[in-house]
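> This is query.cif (mmCIF, C-alpha atoms).
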data_work
#
loop_
_atom_site.label_atom_id
_atom_site.label_comp_id
_atom_site.auth_asym_id
_atom_site.auth_seq_id
_atom_site.Cartn_x
_atom_site.Cartn_y
_atom_site.Cartn_z
CA MET E 253 -45.76 46.90 -34.96
CA ALA E 254 -47.11 43.86 -33.17
CA LYS E 255 -46.01 41.77 -36.13
CA ALA E 256 -42.50 43.21 -36.06
CA ASP E 257 -42.24 42.45 -32.35
CA ALA E 258 -43.34 38.88 -32.98
CA ASN E 259 -40.57 38.50 -35.56
CA VAL E 260 -37.97 39.87 -33.17
CA ASN E 261 -39.18 37.48 -30.48
CA SER E 262 -39.11 34.43 -32.72
CA GLU E 263 -35.59 35.33 -33.85
CA ARG E 264 -34.52 35.64 -30.23
CA GLU E 265 -36.11 32.31 -29.47
CA GLU E 266 -34.20 30.68 -32.30
CA LEU E 267 -30.86 32.11 -31.23
CA ALA E 268 -31.38 31.33 -27.58
CA GLY E 269 -30.67 27.65 -27.12
CA MET E 270 -27.59 27.44 -29.30
CA PRO E 271 -24.04 27.57 -27.93
CA ASP E 272 -22.01 30.58 -29.05
CA PRO E 273 -18.39 31.68 -28.49
CA SER E 274 -19.38 33.50 -25.29
CA HIS E 275 -19.84 30.06 -23.71
CA VAL E 276 -16.17 29.10 -24.17
CA GLY E 277 -14.63 28.46 -20.76
CA ARG E 278 -17.81 27.20 -19.12
CA ARG E 279 -16.96 24.27 -16.89
CA TYR E 280 -19.25 21.55 -15.58
CA VAL E 281 -18.50 19.02 -12.86
CA ALA E 282 -19.96 15.60 -12.14
CA PRO E 283 -18.28 14.46 -8.94
CA GLY E 284 -18.38 11.03 -7.33
CA GLN E 285 -18.48 8.71 -10.35
CA ALA E 286 -18.12 5.17 -9.02
CA VAL E 287 -16.22 2.60 -11.07
CA ALA E 288 -18.44 -0.20 -9.77
CA ALA E 289 -17.42 -3.78 -10.56
CA ALA E 290 -20.98 -4.68 -11.62
CA SER E 291 -21.16 -1.68 -13.98
CA VAL E 292 -17.78 -2.55 -15.48
CA ALA E 293 -18.91 -6.16 -16.04
CA ALA E 294 -22.19 -5.06 -17.64
CA TYR E 295 -20.33 -2.63 -19.88
CA ALA E 296 -17.79 -5.26 -20.95
CA ARG E 297 -20.61 -7.72 -21.74
CA ALA E 298 -22.45 -5.08 -23.81
CA VAL E 299 -19.31 -4.35 -25.85
CA SER E 300 -18.59 -8.06 -26.41
CA GLY E 301 -22.07 -8.80 -27.77
CA GLY E 302 -22.30 -12.57 -27.67
CA ASP E 303 -18.53 -13.01 -27.92
CA GLU E 304 -16.25 -13.91 -25.06
CA VAL E 305 -15.47 -10.90 -22.86
CA PHE E 306 -11.86 -9.79 -23.25
CA SER E 307 -9.96 -9.66 -19.95
CA PRO E 308 -12.94 -9.88 -17.58
CA GLY E 309 -12.48 -7.97 -14.33
CA SER E 310 -10.23 -5.28 -15.80
CA VAL E 311 -11.72 -1.96 -16.86
CA PRO E 312 -12.13 -1.46 -20.62
CA PRO E 313 -10.59 1.91 -21.60
CA THR E 314 -13.82 3.18 -23.12
CA PHE E 315 -15.57 2.65 -19.77
CA ALA E 316 -14.50 6.32 -19.58
CA ALA E 317 -17.86 6.78 -21.36
CA VAL E 318 -19.46 5.86 -18.03
CA TYR E 319 -17.23 7.53 -15.42
CA CYS E 320 -16.27 10.62 -17.44
CA LEU E 321 -17.87 11.41 -20.81
CA GLY E 322 -21.47 10.49 -19.96
CA PRO E 323 -21.87 12.32 -16.64
CA ALA E 324 -19.70 15.30 -17.67
CA LEU E 325 -21.65 15.86 -20.90
CA ALA E 326 -24.94 15.33 -19.05
CA ALA E 327 -23.99 18.24 -16.78
CA LEU E 328 -23.18 20.35 -19.85
CA PHE E 329 -26.43 19.39 -21.61
CA ALA E 330 -28.37 20.41 -18.48
CA ASP E 331 -27.21 24.05 -18.81
CA PRO E 332 -30.32 25.87 -20.09
CA GLU E 333 -28.19 28.75 -21.36
CA LEU E 334 -26.39 26.40 -23.76
CA GLY E 335 -29.77 24.89 -24.60
CA ILE E 336 -28.38 21.91 -26.50
CA ASP E 337 -31.14 19.92 -28.20
CA LEU E 338 -30.16 16.25 -27.97
CA ALA E 339 -32.36 15.38 -30.95
CA GLY E 340 -30.14 17.49 -33.22
CA LEU E 341 -26.84 16.45 -31.70
CA ILE E 342 -24.18 14.48 -33.58
CA HIS E 343 -21.03 13.11 -31.92
CA VAL E 344 -18.41 13.79 -34.60
CA GLU E 345 -15.08 12.94 -32.98
CA GLN E 346 -13.81 11.56 -29.70
CA SER E 347 -10.37 11.14 -28.20
CA PHE E 348 -9.18 9.83 -24.86
CA ALA E 349 -5.86 9.58 -23.07
CA TRP E 350 -5.61 7.24 -20.07
CA LEU E 351 -2.91 8.49 -17.75
CA VAL E 352 -3.48 6.22 -14.75
CA PRO E 353 -5.39 2.90 -14.88
CA VAL E 354 -8.70 2.90 -13.01
CA HIS E 355 -9.88 -0.15 -11.12
CA PRO E 356 -13.21 -1.42 -9.85
CA GLY E 357 -13.93 0.33 -6.56
CA ASP E 358 -12.38 3.65 -7.63
CA VAL E 359 -14.40 6.85 -7.45
CA VAL E 360 -13.53 9.75 -9.76
CA ASP E 361 -14.71 13.31 -10.37
CA ALA E 362 -15.60 14.06 -13.99
CA SER E 363 -15.53 17.47 -15.63
CA ALA E 364 -16.26 19.05 -18.99
CA GLU E 365 -15.15 22.44 -20.28
CA VAL E 366 -16.29 24.14 -23.47
CA SER E 367 -13.09 25.01 -25.36
CA SER E 368 -14.45 26.12 -28.73
CA VAL E 369 -17.74 27.04 -30.40
CA GLU E 370 -17.76 27.65 -34.16
CA SER E 371 -20.77 28.21 -36.36
CA LYS E 372 -20.74 27.91 -40.12
CA ARG E 373 -23.38 27.29 -42.76
CA GLY E 374 -26.14 26.68 -40.23
CA MET E 375 -24.15 24.20 -38.16
CA THR E 376 -22.50 24.73 -34.79
CA PHE E 377 -19.41 22.76 -33.75
CA VAL E 378 -18.73 22.55 -30.02
CA THR E 379 -15.44 21.20 -28.67
CA VAL E 380 -15.47 19.95 -25.08
CA GLU E 381 -12.42 19.03 -23.00
CA LEU E 382 -13.07 16.18 -20.57
CA ALA E 383 -11.19 15.07 -17.49
CA ALA E 384 -11.53 12.57 -14.67
CA ARG E 385 -9.60 12.97 -11.43
CA ASP E 386 -9.16 10.51 -8.60
CA GLY E 387 -9.69 11.23 -4.89
CA GLY E 388 -6.18 12.65 -4.61
CA GLY E 389 -6.82 15.12 -7.43
CA GLU E 390 -4.63 13.24 -9.89
CA THR E 391 -5.91 13.24 -13.47
CA VAL E 392 -6.57 9.65 -14.55
CA CYS E 393 -8.18 10.32 -17.93
CA THR E 394 -8.58 13.21 -20.33
CA GLY E 395 -10.64 13.44 -23.47
CA ARG E 396 -12.00 15.71 -26.15
CA SER E 397 -15.42 15.55 -27.78
CA LEU E 398 -16.39 17.31 -30.99
CA LEU E 399 -20.17 17.77 -31.15
CA LEU E 400 -22.21 19.04 -34.09
CA LEU E 401 -25.53 20.83 -33.66
CA ARG E 402 -27.82 21.79 -36.47
CA GLY E 403 -28.52 25.51 -36.26
CA GLY E 404 -26.65 28.69 -35.44
CA ARG E 405 -25.40 31.51 -37.59
CA MET W 294 5.03 -9.50 -26.53
CA ARG W 295 7.11 -10.12 -29.65
CA ALA W 296 9.14 -7.30 -31.19
CA VAL W 297 6.91 -4.75 -32.85
CA SER W 298 7.91 -2.65 -35.84
CA ALA W 299 6.36 -0.12 -38.16
CA GLY W 300 4.19 -1.79 -40.79
CA ASP W 301 2.98 -4.59 -38.48
CA GLU W 302 -0.71 -5.30 -38.91
CA MET W 303 -3.03 -5.55 -35.92
CA ALA W 304 -5.15 -8.73 -35.94
CA PRO W 305 -8.54 -7.57 -37.28
CA LEU W 306 -11.60 -7.84 -35.02
CA THR W 307 -15.01 -8.37 -36.60
CA ARG W 308 -18.23 -8.25 -34.59
CA LEU W 309 -21.87 -8.50 -35.59
CA VAL W 310 -23.81 -5.74 -33.83
CA ASP W 311 -27.55 -6.32 -33.49
CA GLN W 312 -30.26 -4.23 -31.84
CA ALA W 313 -30.05 -6.33 -28.66
CA GLN W 314 -26.40 -5.35 -28.30
CA ILE W 315 -27.15 -1.68 -29.02
CA SER W 316 -29.92 -1.76 -26.38
CA ALA W 317 -27.55 -3.47 -23.92
CA TYR W 318 -24.94 -0.78 -24.61
CA ALA W 319 -27.54 1.96 -23.97
CA GLU W 320 -28.30 0.34 -20.62
CA ALA W 321 -24.64 -0.22 -19.68
CA SER W 322 -23.43 3.22 -20.78
CA GLY W 323 -26.44 5.26 -19.64
CA ASP W 324 -26.84 6.78 -23.14
CA HIS W 325 -30.55 6.29 -23.84
CA ASN W 326 -30.75 8.68 -26.81
CA PRO W 327 -33.78 7.41 -28.80
CA ILE W 328 -31.82 7.44 -32.09
CA HIS W 329 -30.26 4.21 -30.77
CA LEU W 330 -33.47 2.63 -29.49
CA ASP W 331 -36.58 3.91 -31.26
CA PRO W 332 -36.74 3.31 -35.06
CA GLU W 333 -39.66 5.76 -35.52
CA PHE W 334 -37.77 8.52 -33.73
CA ALA W 335 -34.57 7.75 -35.65
CA ARG W 336 -36.39 7.95 -39.00
CA GLY W 337 -37.95 11.23 -37.86
CA VAL W 338 -34.47 12.81 -37.63
CA GLY W 339 -33.44 11.54 -41.06
CA LEU W 340 -31.72 8.26 -40.18
CA PRO W 341 -32.57 4.97 -41.91
CA GLY W 342 -33.50 3.53 -38.50
CA THR W 343 -31.75 3.08 -35.18
CA ILE W 344 -27.96 3.32 -35.24
CA ALA W 345 -25.27 2.01 -32.90
CA HIS W 346 -23.73 4.47 -30.46
CA GLY W 347 -20.50 5.89 -31.88
CA MET W 348 -19.03 5.03 -28.49
CA LEU W 349 -19.98 1.36 -28.99
CA ASP W 350 -18.07 1.35 -32.29
CA MET W 351 -15.14 3.02 -30.49
CA ALA W 352 -15.35 0.49 -27.65
CA ILE W 353 -15.04 -2.40 -30.13
CA LEU W 354 -12.06 -0.62 -31.74
CA ALA W 355 -10.51 -0.18 -28.28
CA GLU W 356 -11.03 -3.90 -27.61
CA ALA W 357 -9.27 -4.77 -30.88
CA VAL W 358 -6.30 -2.61 -29.84
CA GLY W 359 -6.32 -4.03 -26.29
CA ARG W 360 -6.34 -7.61 -27.60
CA TRP W 361 -3.41 -6.80 -29.89
CA ALA W 362 -1.48 -5.07 -27.08
CA GLY W 363 -2.33 -7.82 -24.59
CA ALA W 364 -4.27 -5.86 -21.97
CA HIS W 365 -6.84 -3.08 -21.67
CA GLU W 366 -4.49 -0.89 -19.65
CA ARG W 367 -1.86 -0.90 -22.41
CA VAL W 368 -4.14 1.33 -24.47
CA LEU W 369 -2.84 4.80 -23.57
CA GLU W 370 -4.61 6.93 -26.17
CA LEU W 371 -7.38 6.41 -28.68
CA SER W 372 -9.08 8.85 -31.02
CA CYS W 373 -11.47 8.53 -33.93
CA ARG W 374 -13.99 10.28 -36.12
CA PHE W 375 -17.52 8.85 -36.25
CA SER W 376 -17.83 9.09 -40.02
CA LYS W 377 -20.77 6.81 -40.83
CA PRO W 378 -23.37 5.20 -38.57
CA LEU W 379 -23.30 1.45 -37.93
CA LEU W 380 -26.76 -0.05 -38.43
CA PRO W 381 -28.16 -2.95 -36.37
CA GLY W 382 -27.58 -6.31 -38.03
CA ASP W 383 -24.36 -5.14 -39.63
CA THR W 384 -20.80 -6.20 -38.85
CA ILE W 385 -18.00 -3.89 -37.86
CA THR W 386 -14.42 -4.85 -38.75
CA CYS W 387 -11.57 -3.04 -37.01
CA THR W 388 -8.12 -3.04 -38.63
CA GLY W 389 -4.88 -1.30 -37.81
CA ARG W 390 -1.24 -0.95 -38.65
CA VAL W 391 1.76 0.21 -36.62
CA VAL W 392 3.01 3.51 -37.99
CA SER W 393 5.81 4.11 -35.51
CA VAL W 394 7.54 2.62 -32.50
CA ASP W 395 9.15 4.72 -29.79
CA ALA W 396 11.74 2.47 -28.16
CA ALA W 397 12.59 5.05 -25.49
CA SER W 398 9.05 5.22 -24.11
CA GLY W 399 8.19 1.62 -25.07
CA THR W 400 5.12 2.70 -27.03
CA ALA W 401 3.74 2.16 -30.51
CA THR W 402 1.38 4.33 -32.52
CA LEU W 403 -1.21 2.62 -34.70
CA GLN W 404 -3.36 3.96 -37.47
CA LEU W 405 -6.79 2.35 -37.30
CA GLU W 406 -10.02 2.09 -39.21
CA ALA W 407 -13.41 0.42 -38.81
CA VAL W 408 -15.63 -0.53 -41.75
CA SER W 409 -19.10 -2.05 -41.80
CA GLY W 410 -20.18 -5.14 -43.70
CA ARG W 411 -22.03 -2.80 -46.07
CA GLY W 412 -18.71 -1.14 -46.88
CA ASP W 413 -19.26 2.08 -44.91
CA ARG W 414 -16.18 3.58 -43.29
CA VAL W 415 -17.65 3.78 -39.80
CA LEU W 416 -14.58 5.07 -37.93
CA THR W 417 -11.91 7.11 -39.69
CA ASN W 418 -8.95 9.28 -38.63
CA ALA W 419 -8.48 6.70 -35.90
CA ARG W 420 -5.23 6.41 -34.00
CA ALA W 421 -4.00 4.70 -30.87
CA VAL W 422 -0.92 4.80 -28.71
CA VAL W 423 -0.17 1.57 -26.84
CA ARG W 424 2.40 0.59 -24.26
CA LEU W 425 4.37 -2.41 -25.46
CA GLY W 426 5.07 -5.36 -23.21
CA ASP W 427 8.41 -6.10 -21.58
#
Can you give me the file's structure in the form of structure tokens?

Amino acid sequence: MAKADANVNSEREELAGMPDPSHVGRRYVAPGQAVAAASVAAYARAVSGGDEVFSPGSVPPTFAAVYCLGPALAALFADPELGIDLAGLIHVEQSFAWLVPVHPGDVVDASAEVSSVESKRGMTFVTVELAARDGGGETVCTGRSLLLLRGGR
Amino acid sequence: MRAVSAGDEMAPLTRLVDQAQISAYAEASGDHNPIHLDPEFARGVGLPGTIAHGMLDMAILAEAVGRWAGAHERVLELSCRFSKPLLPGDTITCTGRVVSVDAASGTATLQLEAVSGRGDRVLTNARAVVRLGD
């Protein structure tokens, strides 16, 4: 009896901490993301390696990793009910659309929404819709991340 | 910008990515996942060692497209699949080709790819939409 209970508990423990379709629609917000000139410059230098920075002073499109994807996914990863284990996480696909250029000094609100969770053959695929909106509520950037987690039904 | 038509090749961009750059990208992007920084940890999860952030690969691809288009803000859309990891000390070469031009909206769609010096197809299913110059 005690042994059977232990098995039930360990199974529950395994299944807790993995996104499932009931999490579709969960939305996470990361407001107040500053597009700081110093951060943009550091990002552009990191991307350039030792090469000359392309178009210094303007915001590289993938700086969306800093003002949108990073903080929005961090909010999602912090949800204990999703229980995403970063050590088993693989970023499979990414897309962005830039609707309005952002500039140093802008502040945007980032968000992430779980749009799909599919498990097959012990792997779980999570699709997340990303957005960044400016102070006036206008969407400046959207994106979609496909994440792969090891585990699940 | 000169007239653009389907079949045009984007000027390739090749960059050597070393661990110092990967570490700088971790700092600049805020993504401190140890698979990018700690070789022991990376090997523990089945990788050959640390790997570059997929977003760093994508950022270099975006730069290649921006250079071709003439400005960062002409890149309107970019998508890719992170097919193979880029390892520190390896080069990444981004190539692309115009697949269509929409004269009405003044945009072009490019099909893109990034391969490593070892021959791994690092970024696949990659596509961009750019706004063409006047």
> With only C-alpha atoms considered, list every residue of chain E at most 8 Å from chain W, as a ChimeraX atom specification.
/E:291,294-295,298-301,306-307,310-315,317-318,322,338-340,343-351,353
> With the file shown as input, list the residues that the PyMOL selection byres ((chain W and resi 403) around 10) selects, as a list in words.
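Taken over the shown coordinates, the PyMOL selection byres ((chain W and resi 403) around 10) returns Ala299, Gly300, Asp301, Glu302, Met303, Val358, Leu371, Thr388, Gly389, Arg390, Val391, Val392, Ser393, Val394, Thr400, Ala401, Thr402, Gln404, Leu405, Glu406, Ala419, Arg420, Ala421, Val422 and Val423 of chain W.
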> Go ahead and save the picked residues with C-alpha atoms, as a PDB file, in the frame of the given file.

ATOM      1  CA  ALA W 299       6.360  -0.120 -38.160  1.00  0.00           C
ATOM      2  CA  GLY W 300       4.190  -1.790 -40.790  1.00  0.00           C
ATOM      3  CA  ASP W 301       2.980  -4.590 -38.480  1.00  0.00           C
ATOM      4  CA  GLU W 302      -0.710  -5.300 -38.910  1.00  0.00           C
ATOM      5  CA  MET W 303      -3.030  -5.550 -35.920  1.00  0.00           C
ATOM      6  CA  VAL W 358      -6.300  -2.610 -29.840  1.00  0.00           C
ATOM      7  CA  LEU W 371      -7.380   6.410 -28.680  1.00  0.00           C
ATOM      8  CA  THR W 388      -8.120  -3.040 -38.630  1.00  0.00           C
ATOM      9  CA  GLY W 389      -4.880  -1.300 -37.810  1.00  0.00           C
ATOM     10  CA  ARG W 390      -1.240  -0.950 -38.650  1.00  0.00           C
ATOM     11  CA  VAL W 391       1.760   0.210 -36.620  1.00  0.00           C
ATOM     12  CA  VAL W 392       3.010   3.510 -37.990  1.00  0.00           C
ATOM     13  CA  SER W 393       5.810   4.110 -35.510  1.00  0.00           C
ATOM     14  CA  VAL W 394       7.540   2.620 -32.500  1.00  0.00           C
ATOM     15  CA  THR W 400       5.120   2.700 -27.030  1.00  0.00           C
ATOM     16  CA  ALA W 401       3.740   2.160 -30.510  1.00  0.00           C
ATOM     17  CA  THR W 402       1.380   4.330 -32.520  1.00  0.00           C
ATOM     18  CA  GLN W 404      -3.360   3.960 -37.470  1.00  0.00           C
ATOM     19  CA  LEU W 405      -6.790   2.350 -37.300  1.00  0.00           C
ATOM     20  CA  GLU W 406     -10.020   2.090 -39.210  1.00  0.00           C
ATOM     21  CA  ALA W 419      -8.480   6.700 -35.900  1.00  0.00           C
ATOM     22  CA  ARG W 420      -5.230   6.410 -34.000  1.00  0.00           C
ATOM     23  CA  ALA W 421      -4.000   4.700 -30.870  1.00  0.00           C
ATOM     24  CA  VAL W 422      -0.920   4.800 -28.710  1.00  0.00           C
ATOM     25  CA  VAL W 423      -0.170   1.570 -26.840  1.00  0.00           C
TER      26      VAL W 423
END
> Evaluate the PyMOL selection byres ((chain E and resi 390) around 12) and record the selected residues as a PyMOL selection string, following the chain and residue labels used in the document.
chain E and resi 350-354+359-362+383-389+391-394
> To one decimal place in Å, what is the distance between CA of Glu333 in chain E and CA of Ser363 in chain E?
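Straight-line distance from CA of Glu333 in chain E to CA of Ser363 in chain E works out to 17.9 Å.
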> Do you have the CA of Ala316 in chain E-CA of Ala286 in chain E distance handy?
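According to the coordinates, CA of Ala316 in chain E and CA of Ala286 in chain E are separated by 11.2 Å.
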> Would you pick out the contacts of Ile342 in chain E at 7 Å or less, using all atoms listed in the file, so that residues sharing its chain but fewer than 4 positions from it are not included, and give the list as a PyMOL selection string?
chain E and resi 399-401
> Can you work out the spacing between CA of Ile336 in chain E and CA of Ser274 in chain E in Å, to one decimal?
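About the pair CA of Ile336 in chain E and CA of Ser274 in chain E: they are 14.7 Å apart.
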> Pick out the closest residue to Cys320 in chain E from this set: E:Phe377, E:Arg402, E:Arg396, E:Val305. Count all atoms listed in the file.
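Using all atoms listed in the file, the shortest distance to Cys320 in chain E belongs to E:Arg396.
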> Restricting the calculation to all atoms listed in the file, which member of E:Ala296, E:Pro356, E:Glu365, E:Leu398 is positioned closest to Thr379 in chain E?
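Comparing E:Ala296, E:Pro356, E:Glu365, E:Leu398 against Thr379 in chain E, the winner is E:Leu398.
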> If the PyMOL selection byres ((chain W and resi 307) around 7) is run on the structure shown, which residues does it catch, given as a compact mmCIF listing (two decimals) with C-alpha atoms, keeping the file's coordinate frame?

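Generated file (out_12.txt):
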# COMPACT_ATOMS: atom_id res chain seq x y z
CA PRO W 305 -8.54 -7.57 -37.28
CA LEU W 306 -11.60 -7.84 -35.02
CA ARG W 308 -18.23 -8.25 -34.59
CA LEU W 309 -21.87 -8.50 -35.59
CA THR W 384 -20.80 -6.20 -38.85
CA ILE W 385 -18.00 -3.89 -37.86
CA THR W 386 -14.42 -4.85 -38.75
CA CYS W 387 -11.57 -3.04 -37.01
